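**Q** Structure provided below as structure tokens; questions to follow.
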Amino acid sequence: MTTPPAVRPVLPQSADVPEPEVDMRTSLAWAALPNPLATASGCAANGRELSRFFPLSRLGAMVTKSVMLAPRSGRPTPRMAETPSGMLNSIGLQGPGVDAFVQQDLPWLKAQGARTIASIAAGSIDEYAEVAARLALAPPGTVTAVEVNISCPNVEDRGLVFACDPDAAAAAVAAARSATDPSIPVLAKLSPDVTDIVSIARACVGAGADGLTMINTVLGMVIDTTTLRPVLGGVTGGLSGPAIRPVAVRCIWQVHAALPEVPILGVGGVRTGLDALQLILAGASAVSVGTTVFNDPGAPLRVLGELRTALAERGFERMRDAVGYAHSALGAGADRIAPPVPPGPSLRAPSADGAGSGYDETAYDEGR
Amino acid sequence: MTTPPAVRPVLPQSADVPEPEVDMRTSLAWAALPNPLATASGCAANGRELSRFFPLSRLGAMVTKSVMLAPRSGRPTPRMAETPSGMLNSIGLQGPGVDAFVQQDLPWLKAQGARTIASIAAGSIDEYAEVAARLALAPPGTVTAVEVNISCPNVEDRGLVFACDPDAAAAAVAAARSATDPSIPVLAKLSPDVTDIVSIARACVGAGADGLTMINTVLGMVIDTTTLRPVLGGVTGGLSGPAIRPVAVRCIWQVHAALPEVPILGVGGVRTGLDALQLILAGASAVSVGTTVFNDPGAPLRVLGELRTALAERGFERMRDAVGYAHSALGAGADRIAPPVPPGPSLRAPSADGAGSGYDETAYDEGR
Amino acid sequence: MQVRGEALSVRRVGAYYALTLLAPGVAERFRPGHFVALAIGDESSSMLLRRSFSIYRCQERGVYGGTVEIVVSAHGPGTEWLASRRPHDPVDVVGPLGTPFALPREPASCTLVGGGYGSAPLFTLAERLRARGCRVDIVLGAATEERLFGVLEAKRMADSVTVTTDDGSLGTRGRVTDVLPRVMERAGTDAVYACGPMAMLRAVSDVAAGSGVPAQVAVEEAMACGIGVCMTCVLPVVGEDGVTRMVRSCTEGPVFRGDTVRWADVGTVPADCLGAPVAAGGH
Amino acid sequence: MQVRGEALSVRRVGAYYALTLLAPGVAERFRPGHFVALAIGDESSSMLLRRSFSIYRCQERGVYGGTVEIVVSAHGPGTEWLASRRPHDPVDVVGPLGTPFALPREPASCTLVGGGYGSAPLFTLAERLRARGCRVDIVLGAATEERLFGVLEAKRMADSVTVTTDDGSLGTRGRVTDVLPRVMERAGTDAVYACGPMAMLRAVSDVAAGSGVPAQVAVEEAMACGIGVCMTCVLPVVGEDGVTRMVRSCTEGPVFRGDTVRWADVGTVPADCLGAPVAAGGH
Ligand SMILES: Cc1cc2nc3c(=O)[nH]c(=O)nc-3n(C[C@H](O)[C@H](O)[C@H](O)COP(=O)(O)OP(=O)(O)OC[C@H]3O[C@@H](n4cnc5c(N)ncnc54)[C@H](O)[C@@H]3O)c2cc1C
Ligand SMILES: Cc1cc2nc3c(=O)[nH]c(=O)nc-3n(C[C@H](O)[C@H](O)[C@H](O)COP(=O)(O)OP(=O)(O)OC[C@H]3O[C@@H](n4cnc5c(N)ncnc54)[C@H](O)[C@@H]3O)c2cc1C
Ligand SMILES: Cc1cc2nc3c(=O)[nH]c(=O)nc-3n(C[C@H](O)[C@H](O)[C@H](O)COP(=O)(O)O)c2cc1C
Ligand SMILES: Cc1cc2nc3c(=O)[nH]c(=O)nc-3n(C[C@H](O)[C@H](O)[C@H](O)COP(=O)(O)O)c2cc1C
Ligand code: FES
Ligand code: FES
């Protein structure tokens with residue numbers, strides 16, 4: 001079969017050791033990050049509340065809640081429902097509007113020493129351009145990258161989500177890219193709720209996306225068995241948390257296989273350092289922790305520490321060497337249909353000659 | 001807001017009471033079932049092993065492992081990976097081929113008194129027709145319905161899955177429908193991994209599907225952090241179990257809203273009677289229990305009992321009255337953006353007149 | 001702050017469980033009206049979200065260090081998990097959280113209203129108020145006698161205690177707001193404090209407003225994070241500028257002025273709310 | 001059958017835990033080589049799949065009724081959960097499962113080979129074999145001394161016991177197959193029985209085949225259900241008709257004739273397997 005990896009695979013459990021020496025630096029396009037750990041949009045608000053638990057400067061990056069052009073109230077409550085190993089949310093992009101975000105949130109984040117990835121959302125192509133243009137008013141060095149959330153209904157196309165159509169997604173990305181300072185990379189955030197995520201990814205990259213964030217939530221729903229109607233005020237909602245990790249890994253794998261040069265900010269179901277490692281091995285250059293922050297506000301730093309230990313145990317000297325490693329480790333033996341090989345001596349010839357067996361099959365009188 | 005339901009909502013916890021009187025009969029198209037509980041394809045093999053735990057005749061229906069034209073070995077192992085509240089599988093439709101299935105499995109199932117829903121799969125339109133034609137050789141009364149698994153790669157279209165394209169899905173369904181006895185309903189089993197499940201559903205119904213089974217597994221992946229390569233022999237696999245229940249409920253909801261007359265066999269993440277109730281309230285006429293059987297071989301009957309109790313507690317006299325109930329209970333208030341209403345006396349006028357307050361806001365010296 | 005605490009004791013009290021947690025650092029920062037968010041299960045639990053509980057009482061210095069006591073009504077998987085903790089079982093604690101009750105700078109007549117387990121934060125509140133020379137009257141209500149919490153404790157610390165139960169099993173048969181006007185009149189109430197179900201808080205706010213008395217109410221909205229990062233726990237509140245905003249009950253609350261909450265519109269987005277109306281949107 | 005059992009005791013044995021379960025109805029049907037599938041966690045566990053364990057010993061009648069004892073190597077979340085059970089904790093048991101070892105109809109010389117915790121089922125097997133007048137020689141191997149299981153027990157019931165450890169901490173430094181040919185020669189072995197890691201089973205099968213002696217081996221493949229319904233646990237086995245099929249190790253196994261397993265092709269689909277080659281397929 002395939003050649004074993006050069007690094008040393010070890011069991012996930014590890015003894016307590018001092019924090020190991022691994023070069024954790026990474027980059028998303030030309031945005032250099034000191035480590036690969038980020039928060040996910042909408043799971044850390046705009047940083048103030050999370051900063052009570054640890055300094056935001058210790059994160060590789062901080063992705064802000066998606067902001068639209070105007071202030072937005074969001075959807076009716078209930079806005080959340082717990083599901084097995086996950087949750088549904090129906091926030092509806094509540095936010096202050098891009099002007100207040102640029103005037104109040106971004107300066108505060110800069111003062112904290114955070115590397116801010118600003119997430120933007122819109123209901124039309126023009127609005128994406130306008131939001132990005134307003135964002136560009138922030139002083140240089142305030143925004144590390146822009147993440148374009150295209151999991152939004154397009155009011156110009158019967159409310160269909162941009163992320164579900166290659167052309168609409170591309171148009172939204174192109175609008176944002178054009179309005180954003182060329183020194184700032186633009187990441188397109190992709191929805192998993194599509195037939196072919198690779199074609200959406202190609203369209204976004206072709207439209208100017210410098211990287212991809214994958215994945216946004218999976219569309220889901222819970223019906224309250226007490227009231228006999230949907231729990232969420234918005235009826236359906238976005239499923240996130242460990243439950244969706246396999247979907248995130250698969251999406252990253254598929255897109256990295258098709259577009260190995262495109263940096264990916266992996267997100268979806270990361271709870272532990274080994275979860276983060278899976279996304280990295282699949283092709284992510286950095287990883288966002290989302291819903292898990294609700295379970296453990298210190299999760300981003302905990303996951304970072306666990307990831308560092310996991311990389312060291314497996315012989316990686318640099319985090320970047322692990323990016324996409326599983327693809328090369330797998331090699332050509334993807335679907336392992338082996339050709340016939342000579343059997344070892346233990347394999348009985350199909351037509352047994354009866355001699356030398358010392359035992360007749362039928363002599364066994366139980367267990368068969 | 002919306003009018004409360006006529007039935008009595010109660011808390012999920014219930015006292016132990018005798019099995020209540022609820023008419024549990026249901027139907028999938030013209031296939032009458034004594035109760036709505038079925039096993040899911042591939043999660044009960046072809047019944048023999050499960051029959052060690054309870055009589056198959058007590059199930060509303062028994063959906064068999066998808067069978068193809070010729071015997072099939074399946075994919076390399078490992079074929080499973082546990083995930084948070086779910087599992088990935090990569091079986092590759094291992095089976096005996098339709099001839100052996102018709103000659104050995106179907107007669108045995110009939111002798112057990114099972115209502116068998118035979119699941120078929122194929123790699124081309126012609127193969128769907130051929131498998132269905134061979135199935136039709138079974139004596140009358142052997143097959144209650146045919147479930148067409150279209151989550152199979154189409155060898156004539158670069159391995160793209162039939163279920164992901166409306167035209168390919170329709171062609172597969174039409175081929176199976178044409179080759180199946182008119183007295184036997186044909187259900188199309190839909191994949192959730194599509195941009196618009198409603199358009200796939202419409203295409204299948206337009207092609208002759210008498211009902212729909214929703215959902216098949218969600219495409220996912222796990223990378224082994226010890227070997228640093230994908231766990232599954234087939235690289236990617238199907239995600240199932242409680243983790244995907246919200247996706248199943250959402251898909252059923254969307255398709256029932258668009259096609260309220262089309263019977264749905266609901267499947268995906270059902271572990272309890274209340275899970276089953278969610279799928280029924282969303283629009284399912286019957287429910288399959290899949291992965292949960294691995295956790296609890298007696299789950300189909302346990303869930304049936306829990307469902308009966310849950311229906312009785314909520315004042316349903318007939319199971320069929322609950323089908324799609326959440327849609328009518330929700331009514332027109334789907335996205336509850338209310339118009340302004342007169343406030344109660346507690347709501348302070350915006351410009352406070354200062355009088356009668358008895359307390360000045362600034363008099364509070366802590367907690368704000 | 002976040003601390004890996006542990007259960008010290010779980011004590012049955014009527015229909016509830018009083019759970020004492022070792023949680024160093026939380027007690028020292030506590031004020032009445034603060035809550036804690038507790039992680040449910042271990043790493044293998046399918047229940048990802050924390051559960052929130054008003055703090056009943058704290059001890060900064062005990063044999064074990066700082067302790068936090070909460071009152072749990074076990075009705076779902078999370079609260080039942082907590083009720084089944086045994087001594088020294090680990091419980092991850094985040095707290096104290098939220099905006100607590102504001103205390104008057106000068107002596108005032110305060111009426112405290114608690115519904116069900118909602119009375120939990122009112123006892124420490126009463127102690128703090130009395131320490132400031134305030135008159136304290138307490139009204140406690142519940143569906144039944146065993147769903148009341150702290151009646152005897154209230155009697156030890158209040159100028160008067162009035163009890164109501166829906167079924168009349170203890171005190172006046174009826175609701176807290178049936179007796180509240182009379183209590184407020186007798187006490188010459190300057191301020192009302194309340195904690196309980198949303199419907200009770202709305203009713204208490206209306207009674208207070210009817211008497212021109214300010215009310216501070218501790219709300220209970222479904223929370224995913226409890227720390228202000230997720231935006232799930234919002235409710236419509238009128239600001240100083242007269243504009244209605246969807247504010248977070250876990251940070252701007254749980255304690256709100258009763259006359260700022262758009263009670264009739266909880267669960268909706270009022271059309272005159274900042275940023276409304278919202279078309280079906282992203283997430 | 002499925003029974004809601006309970007833990008009676010968890011005992012540390014070297015690197016392992018011996019877990020005794022009350023599981024009425026399982027013990028009565030047990031034969032050596034059978035396994036049980038245990039549910040992990042309660043309803044709120046994110047770990048959905050059962051874990052399989054060879055049955056070490058059973059008691060049909062005890063103070064408590066039928067009991068089942070297993071040997072657990074705690075290395076992942078499921079096995080660690082089991083190792084942390086306390087007396088009377090519930091554990092759902094499905095068993096006995098699988099095809100057990102076949103016993104000779106007439107007295108024969110039997111050599112039993114166990115690797116690590118894999119030796120667990122061999123002690124009851126030895127008892128059953130001796131009851132039929134068989135000579136029993138036992139070879140036990142492990143990485144280290146503490147990863148051996150049952151050395152003293154083997155000495156009480158076998159004609160000879162040979163021990164190997166990779167690190168030489170006990171017995172011969174090396175592997176079981178280093179000593180097996182000599183043991184078989186001395187014992188005049190008619191039949192080999194083995195349970196342990198797949199690599200060991202392959203090697204034992206090769207040694208046995210080299211001596212023209214039939215070997216029965218208890219395999220360990222990843223299982224989702226343990227009861228034959230899911231098709232995840234397969235491995236390539238040559239049938240009586242000479243045709244290779246992917247067969248279920250939970251029903252047609254875990255005990256197989258060593259000379260029927262396509263050891264070199266485990267983890268692949270041999271091109272000459274019935275129904276091969278498979279294009280990337282459905283599920
Ligand atoms: C600020 C605050 C203070 C609270 N104080 C107390 C207290 O002192 N004692 C007490 O017993 N309970 C209190 N609650 C309610 C308690 O948080 C819920 O009863 C509990 O979260 C339910 O969890 P469950 O798993 O048992 O039930 P489930 O119904 O299964 O909960 C599922 C999800 O919904 C959320 N949820 C359900 N009900 C409520 C609710 N009533 N309020 C908020 N979230 C809910 C849970 O957080 C969880 O994520 C308080 C809630 C808040 C917001
Ligand atoms: C027939 C049979 C008999 C066994 N007998 C014993 C025994 O007597 N004592 C003992 O300690 N272990 C035994 N095992 C192995 C035991 O089932 C696994 O170690 C255990 O399932 C691992 O679970 P985990 O959660 O600790 O680890 P994880 O690695 O987290 O397991 C994750 C998943 O992979 C599966 N899995 C992982 N490793 C194995 C493995 N080696 N074999 C089968 N499935 C695996 C698990 O079932 C689970 O679904 C036996 C396995 C089989 C199939
Ligand atoms: C409460 C909540 C709010 C979210 N808000 C946004 C958002 O504003 N923009 C966005 O692109 N994604 C948003 N997401 C999606 C997350 O960024 C992330 O893609 C998703 O939750 C999957 O990651 P996780 O499983 O780690 O949570 C939100 C998720 C949650 C749970
Ligand atoms: C091991 C396994 C094998 C499966 N085999 C099939 C199959 O042959 N045909 C099919 O249509 N679906 C198959 N499925 C999908 C199930 O029928 C079902 O749609 C899915 O598992 C979701 O339901 P669940 O969450 O209850 O398991 C299989 C699922 C599993 C876990
Ligand atoms: S609970 Fe998350 S913001 Fe309030
Ligand atoms: S483990 Fe499911 S068939 Fe063997």
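Naming scheme: A, B, ... for chains in displayed order of the structure tokens; residues 1 onward per chain; ligands 1 onward as shown.
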Counting only C-alpha atoms and all ligand atoms, what are the residues, protein, DNA or RNA alike, that approach ligand 2 to within 7 Å? I want them as a ChimeraX atom specification.
**A** /B:81-82 /D:35,49-55,70-80,117-118,120,219-224,250,254
**Q** Could you please tell me, as an NGL selection string, which residues of chain D have an atom within 12 Å of chain C when using only C-alpha atoms?
**A** :D and (40-48 or 76-78 or 80-81)
**Q** Kindly work out which residues sit at most 9 Å from ligand 6, using only C-alpha atoms and all ligand atoms, and give the list as a ChimeraX atom specification.
**A** /B:43,45,294 /D:221-234,247-253
**Q** Please return as a PyMOL selection string: the residues of segment 1-198 of chain C that backbone DSSP assigns to strand (DSSP E or B).
**A** chain C and resi 2-13+16-22+32+34-38+45+51-59+67-72+90-97+99+104+109-115+135-142+160-165+172-173+191-195
**Q** Rank nothing, just name the residue among D:Leu235, D:Leu103, D:Met1, D:Met184 nearest to chain A, using only C-alpha atoms.
**A**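 Going through D:Leu235, D:Leu103, D:Met1, D:Met184 one by one, the smallest distance to chain A is for D:Leu103.
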**Q** Using only C-alpha atoms and all ligand atoms, which residues of the polymer chains come no farther than 6 Å from ligand 3? I'd like the answer as a PyMOL selection string.
**A** (chain A and resi 40-43+65-66+89+93+149+215-217+240-242+267-270+289-291) or (chain C and resi 230+283)
**Q** Just give me the gap between atom CA of Val26 of chain C and atom CA of Tyr56 of chain C in Å, one decimal is fine.
**A** 12.7 Å
**Q** Using only C-alpha atoms, find the residues of chain D whose closest atom to chain A is at most 7 Å away, then write them as a ChimeraX atom specification.
**A** /D:46,99-105,190,205-206,209-210,212-214,241-242,258-262,264,268-272,277
**Q** Those same residues - N, CA and C atoms - I'd like them written as a PDB file, in the first residue's frame.
**A**
ATOM      1  N   SER D  46     -22.113  11.816  23.437  1.00  0.00           N
ATOM      2  CA  SER D  46     -21.878  12.015  22.012  1.00  0.00           C
ATOM      3  C   SER D  46     -21.299  10.764  21.374  1.00  0.00           C
ATOM      4  N   THR D  99     -19.335 -15.777  16.396  1.00  0.00           N
ATOM      5  CA  THR D  99     -19.053 -17.207  16.315  1.00  0.00           C
ATOM      6  C   THR D  99     -17.876 -17.501  17.239  1.00  0.00           C
ATOM      7  N   PRO D 100     -18.061 -18.410  18.200  1.00  0.00           N
ATOM      8  CA  PRO D 100     -16.996 -18.676  19.162  1.00  0.00           C
ATOM      9  C   PRO D 100     -16.015 -19.723  18.625  1.00  0.00           C
ATOM     10  N   PHE D 101     -15.039 -20.074  19.455  1.00  0.00           N
ATOM     11  CA  PHE D 101     -14.087 -21.128  19.094  1.00  0.00           C
ATOM     12  C   PHE D 101     -14.817 -22.468  18.989  1.00  0.00           C
ATOM     13  N   ALA D 102     -14.446 -23.259  17.997  1.00  0.00           N
ATOM     14  CA  ALA D 102     -14.976 -24.616  17.890  1.00  0.00           C
ATOM     15  C   ALA D 102     -14.096 -25.551  18.716  1.00  0.00           C
ATOM     16  N   LEU D 103     -14.725 -26.444  19.446  1.00  0.00           N
ATOM     17  CA  LEU D 103     -13.971 -27.368  20.300  1.00  0.00           C
ATOM     18  C   LEU D 103     -13.858 -28.732  19.621  1.00  0.00           C
ATOM     19  N   PRO D 104     -12.746 -29.427  19.799  1.00  0.00           N
ATOM     20  CA  PRO D 104     -12.607 -30.748  19.178  1.00  0.00           C
ATOM     21  C   PRO D 104     -13.547 -31.765  19.817  1.00  0.00           C
ATOM     22  N   ARG D 105     -14.036 -32.645  18.994  1.00  0.00           N
ATOM     23  CA  ARG D 105     -14.976 -33.677  19.458  1.00  0.00           C
ATOM     24  C   ARG D 105     -14.250 -34.719  20.319  1.00  0.00           C
ATOM     25  N   ASP D 190      -2.204 -30.454  17.841  1.00  0.00           N
ATOM     26  CA  ASP D 190      -3.184 -30.776  16.800  1.00  0.00           C
ATOM     27  C   ASP D 190      -3.985 -29.558  16.362  1.00  0.00           C
ATOM     28  N   SER D 205      -1.092 -17.749  12.380  1.00  0.00           N
ATOM     29  CA  SER D 205      -1.702 -18.548  11.312  1.00  0.00           C
ATOM     30  C   SER D 205      -0.634 -19.095  10.376  1.00  0.00           C
ATOM     31  N   ASP D 206       0.363 -18.262  10.079  1.00  0.00           N
ATOM     32  CA  ASP D 206       1.438 -18.703   9.195  1.00  0.00           C
ATOM     33  C   ASP D 206       2.257 -19.834   9.827  1.00  0.00           C
ATOM     34  N   ALA D 209       0.090 -22.956   9.813  1.00  0.00           N
ATOM     35  CA  ALA D 209      -0.023 -23.500   8.462  1.00  0.00           C
ATOM     36  C   ALA D 209       1.286 -24.172   8.056  1.00  0.00           C
ATOM     37  N   GLY D 210       2.395 -23.586   8.478  1.00  0.00           N
ATOM     38  CA  GLY D 210       3.693 -24.184   8.157  1.00  0.00           C
ATOM     39  C   GLY D 210       3.846 -25.573   8.760  1.00  0.00           C
ATOM     40  N   GLY D 212       1.149 -27.485   9.186  1.00  0.00           N
ATOM     41  CA  GLY D 212      -0.022 -28.249   8.777  1.00  0.00           C
ATOM     42  C   GLY D 212      -1.053 -28.417   9.876  1.00  0.00           C
ATOM     43  N   VAL D 213      -1.083 -27.454  10.794  1.00  0.00           N
ATOM     44  CA  VAL D 213      -2.017 -27.542  11.929  1.00  0.00           C
ATOM     45  C   VAL D 213      -3.102 -26.461  11.746  1.00  0.00           C
ATOM     46  N   PRO D 214      -4.362 -26.831  11.927  1.00  0.00           N
ATOM     47  CA  PRO D 214      -5.418 -25.817  11.786  1.00  0.00           C
ATOM     48  C   PRO D 214      -5.360 -24.804  12.933  1.00  0.00           C
ATOM     49  N   ASP D 241     -15.797 -22.753  -1.170  1.00  0.00           N
ATOM     50  CA  ASP D 241     -15.814 -22.832  -2.632  1.00  0.00           C
ATOM     51  C   ASP D 241     -14.609 -22.151  -3.261  1.00  0.00           C
ATOM     52  N   GLY D 242     -13.679 -21.684  -2.435  1.00  0.00           N
ATOM     53  CA  GLY D 242     -12.492 -21.037  -2.978  1.00  0.00           C
ATOM     54  C   GLY D 242     -12.691 -19.582  -3.351  1.00  0.00           C
ATOM     55  N   GLY D 258      -7.639 -19.661  10.544  1.00  0.00           N
ATOM     56  CA  GLY D 258      -6.529 -18.797  10.162  1.00  0.00           C
ATOM     57  C   GLY D 258      -6.150 -18.894   8.698  1.00  0.00           C
ATOM     58  N   ASP D 259      -6.383 -20.081   8.115  1.00  0.00           N
ATOM     59  CA  ASP D 259      -5.971 -20.277   6.722  1.00  0.00           C
ATOM     60  C   ASP D 259      -7.040 -19.829   5.725  1.00  0.00           C
ATOM     61  N   THR D 260      -8.102 -19.206   6.221  1.00  0.00           N
ATOM     62  CA  THR D 260      -9.117 -18.684   5.298  1.00  0.00           C
ATOM     63  C   THR D 260      -9.059 -17.163   5.181  1.00  0.00           C
ATOM     64  N   VAL D 261      -8.339 -16.530   6.081  1.00  0.00           N
ATOM     65  CA  VAL D 261      -8.300 -15.062   6.059  1.00  0.00           C
ATOM     66  C   VAL D 261      -7.204 -14.591   5.116  1.00  0.00           C
ATOM     67  N   ARG D 262      -7.570 -13.657   4.225  1.00  0.00           N
ATOM     68  CA  ARG D 262      -6.585 -13.056   3.308  1.00  0.00           C
ATOM     69  C   ARG D 262      -5.831 -11.974   4.074  1.00  0.00           C
ATOM     70  N   ALA D 264      -2.929 -10.642   3.990  1.00  0.00           N
ATOM     71  CA  ALA D 264      -2.201  -9.587   3.273  1.00  0.00           C
ATOM     72  C   ALA D 264      -3.144  -8.536   2.714  1.00  0.00           C
ATOM     73  N   THR D 268      -8.098  -3.926   2.307  1.00  0.00           N
ATOM     74  CA  THR D 268      -8.255  -3.717   0.862  1.00  0.00           C
ATOM     75  C   THR D 268      -9.451  -4.534   0.400  1.00  0.00           C
ATOM     76  N   VAL D 269      -9.782  -4.406  -0.867  1.00  0.00           N
ATOM     77  CA  VAL D 269     -10.750  -5.300  -1.504  1.00  0.00           C
ATOM     78  C   VAL D 269      -9.985  -6.058  -2.578  1.00  0.00           C
ATOM     79  N   PRO D 270      -9.639  -7.317  -2.338  1.00  0.00           N
ATOM     80  CA  PRO D 270      -8.872  -8.068  -3.344  1.00  0.00           C
ATOM     81  C   PRO D 270      -9.584  -8.077  -4.679  1.00  0.00           C
ATOM     82  N   ALA D 271      -8.822  -7.924  -5.743  1.00  0.00           N
ATOM     83  CA  ALA D 271      -9.414  -7.847  -7.083  1.00  0.00           C
ATOM     84  C   ALA D 271     -10.209  -9.095  -7.420  1.00  0.00           C
ATOM     85  N   ASP D 272      -9.849 -10.235  -6.816  1.00  0.00           N
ATOM     86  CA  ASP D 272     -10.584 -11.468  -7.106  1.00  0.00           C
ATOM     87  C   ASP D 272     -11.685 -11.740  -6.087  1.00  0.00           C
ATOM     88  N   PRO D 277     -14.016  -5.401  -8.892  1.00  0.00           N
ATOM     89  CA  PRO D 277     -13.630  -4.223  -8.146  1.00  0.00           C
ATOM     90  C   PRO D 277     -14.822  -3.310  -7.994  1.00  0.00           C
TER      91      PRO D 277
END
